[in-house]
Amino acid sequence: MSESKSTLAPNGLRSFTVKHAKAKDPDQEYRCTLGVQLSGGQAQYMLILATLPKDDPYATPASSRLSSIITSHPVESPDAQGHYKFYMKTYSENEGVLEYLLDAGIIERDLTASPVAQGYVTFPLVRVKIPIGEMAKVCNGCERWELCSDERRMRGCSGCKPSGKAWYCSVECQKRAWRVGYPAHKEVCGK
Ligand SMILES: [Zn+2]
Ligand SMILES: [Zn+2]
């Protein structure tokens with residue numbers, strides 16, 4: 001096991017290094033941050049590249065989704081310490097990422113529940129160890145992001161509950177996400 005590579009950048013963002021089995025060069029290390037995208041209380045976690053590699057601007061895991069919506073097991077409210085748990089997708093574009101996130105001290109396995117089976121694959125339950133304020137929030141319309149505690153650009157949806165606000169970088173993104181998306185925001189806003 002390597003030592004933890006998680007650091008707090010001067011802007012307050014928690015960033016860390018992962019390798020990625022599906023990258024063009026599987027030995028390349030990517031500086032990433034963890035993002036959370038909320039839509040009417042439904043949280044999705046994303047890996048976001050903190051530093052884009054010059055030669056491969058579209059390299060994964062720029063916006064790898066760490067969870068996919070399991071309708072039977074949506075991401076619930078944070079626990080008493082303010083940390084979220086979710087069932088993490090560990091195959092396909094996320095292959096190998098769980099191990100690097102464990103190593104960097106970003107998440108830990110939660111063994112209080114069994115993995116959820118979906119077809120031939122299973123999703124292990126994980127707990128996010130870093131507080132939400134050290135993550136990025138992600139626009140619900142276009143996946144632009146900023147630090148969760150930063151109020152400069154993103155605006156929260158006024159129809160959503162404070163615990164699960166969807167964020168938007170622009171009026172255009174909010175209008176589009178209201179009608180389009182999985183789910184469209186009008187289906188989940190305020191619920
Ligand atoms: Zn946007
Ligand atoms: Zn809303």
# chains A, B, ... in the order shown; residues from 1 in each chain; ligands from 1

call {"tool": "residues_near_ligand", "arguments": {"ligand": "ligand 1", "cutoff": "9 Å", "atoms": "only C-alpha atoms and all ligand atoms", "output": "list in words"}}
result
Val138, Cys139, Asn140, Gly141, Cys142, Glu143, Arg144, Trp145, Met154, Trp167, Tyr168, Cys169, Ser170, Val171, Glu172, Cys173 and Gln174 of chain A

call {"tool": "residues_near_ligand", "arguments": {"ligand": "ligand 2", "cutoff": "9 Å", "atoms": "only C-alpha atoms and all ligand atoms", "output": "list in words"}}
result
Ser39, Gly40, Gly41, Gly156, Cys157, Ser158, Gly159, Cys160, Lys161, Gly164, Lys165, Ala166, Trp167, Trp178, His185, Lys186, Val188, Cys189, Gly190 and Lys191 of chain A

call {"tool": "closest_residue", "arguments": {"among": "A:Val121, A:Ala43, A:Ala136, A:Val126", "to": "Glu99 of chain A", "atoms": "only C-alpha atoms"}}
result
A:Val126

call {"tool": "closest_residue", "arguments": {"among": "A:Leu125, A:Ile132, A:Leu111, A:Met88", "to": "Val36 of chain A", "atoms": "only C-alpha atoms"}}
result
A:Ile132

call {"tool": "select_by_dssp", "arguments": {"residues": "segment 60-154 of chain A", "states": "helix (DSSP H, G or I)", "output": "CSV table (one decimal) with N, CA and C atoms, in the first residue's frame"}}
result
chain,number,residue,atom,x,y,z
A,92,SER,N,-16.4,-1.4,-15.6
A,92,SER,CA,-16.4,-0.5,-16.8
A,92,SER,C,-15.5,0.7,-16.6
A,93,GLU,N,-15.9,1.9,-16.8
A,93,GLU,CA,-15.0,3.1,-16.7
A,93,GLU,C,-14.5,3.3,-15.3
A,94,ASN,N,-15.0,2.6,-14.3
A,94,ASN,CA,-14.6,2.8,-12.9
A,94,ASN,C,-13.6,1.7,-12.5
A,97,VAL,N,-10.7,2.1,-9.8
A,97,VAL,CA,-10.7,3.4,-9.1
A,97,VAL,C,-11.0,3.2,-7.6
A,98,LEU,N,-11.8,2.3,-7.2
A,98,LEU,CA,-12.1,2.1,-5.8
A,98,LEU,C,-10.9,1.9,-5.0
A,99,GLU,N,-9.9,1.1,-5.5
A,99,GLU,CA,-8.7,0.8,-4.7
A,99,GLU,C,-7.9,2.1,-4.5
A,100,TYR,N,-7.8,2.9,-5.5
A,100,TYR,CA,-7.0,4.1,-5.4
A,100,TYR,C,-7.7,5.1,-4.5
A,101,LEU,N,-9.0,5.2,-4.5
A,101,LEU,CA,-9.7,6.1,-3.5
A,101,LEU,C,-9.6,5.6,-2.1
A,102,LEU,N,-9.6,4.3,-1.9
A,102,LEU,CA,-9.3,3.7,-0.6
A,102,LEU,C,-7.9,4.1,-0.1
A,103,ASP,N,-7.0,4.0,-1.0
A,103,ASP,CA,-5.6,4.2,-0.7
A,103,ASP,C,-5.3,5.7,-0.4
A,132,ILE,N,-18.3,17.4,2.8
A,132,ILE,CA,-18.8,17.9,1.5
A,132,ILE,C,-18.1,19.3,1.2
A,133,GLY,N,-17.8,20.1,2.2
A,133,GLY,CA,-17.1,21.4,1.9
A,133,GLY,C,-15.8,21.3,1.2
A,134,GLU,N,-15.2,20.1,1.2
A,134,GLU,CA,-13.9,20.0,0.6
A,134,GLU,C,-14.0,19.3,-0.8

call {"tool": "atom_distance", "arguments": {"atom1": "atom CA of Ser6 of chain A", "atom2": "atom CA of Phe123 of chain A"}}
result
24.0 Å

call {"tool": "atom_distance", "arguments": {"atom1": "atom CA of Arg109 of chain A", "atom2": "atom CA of Arg14 of chain A"}}
result
19.2 Å
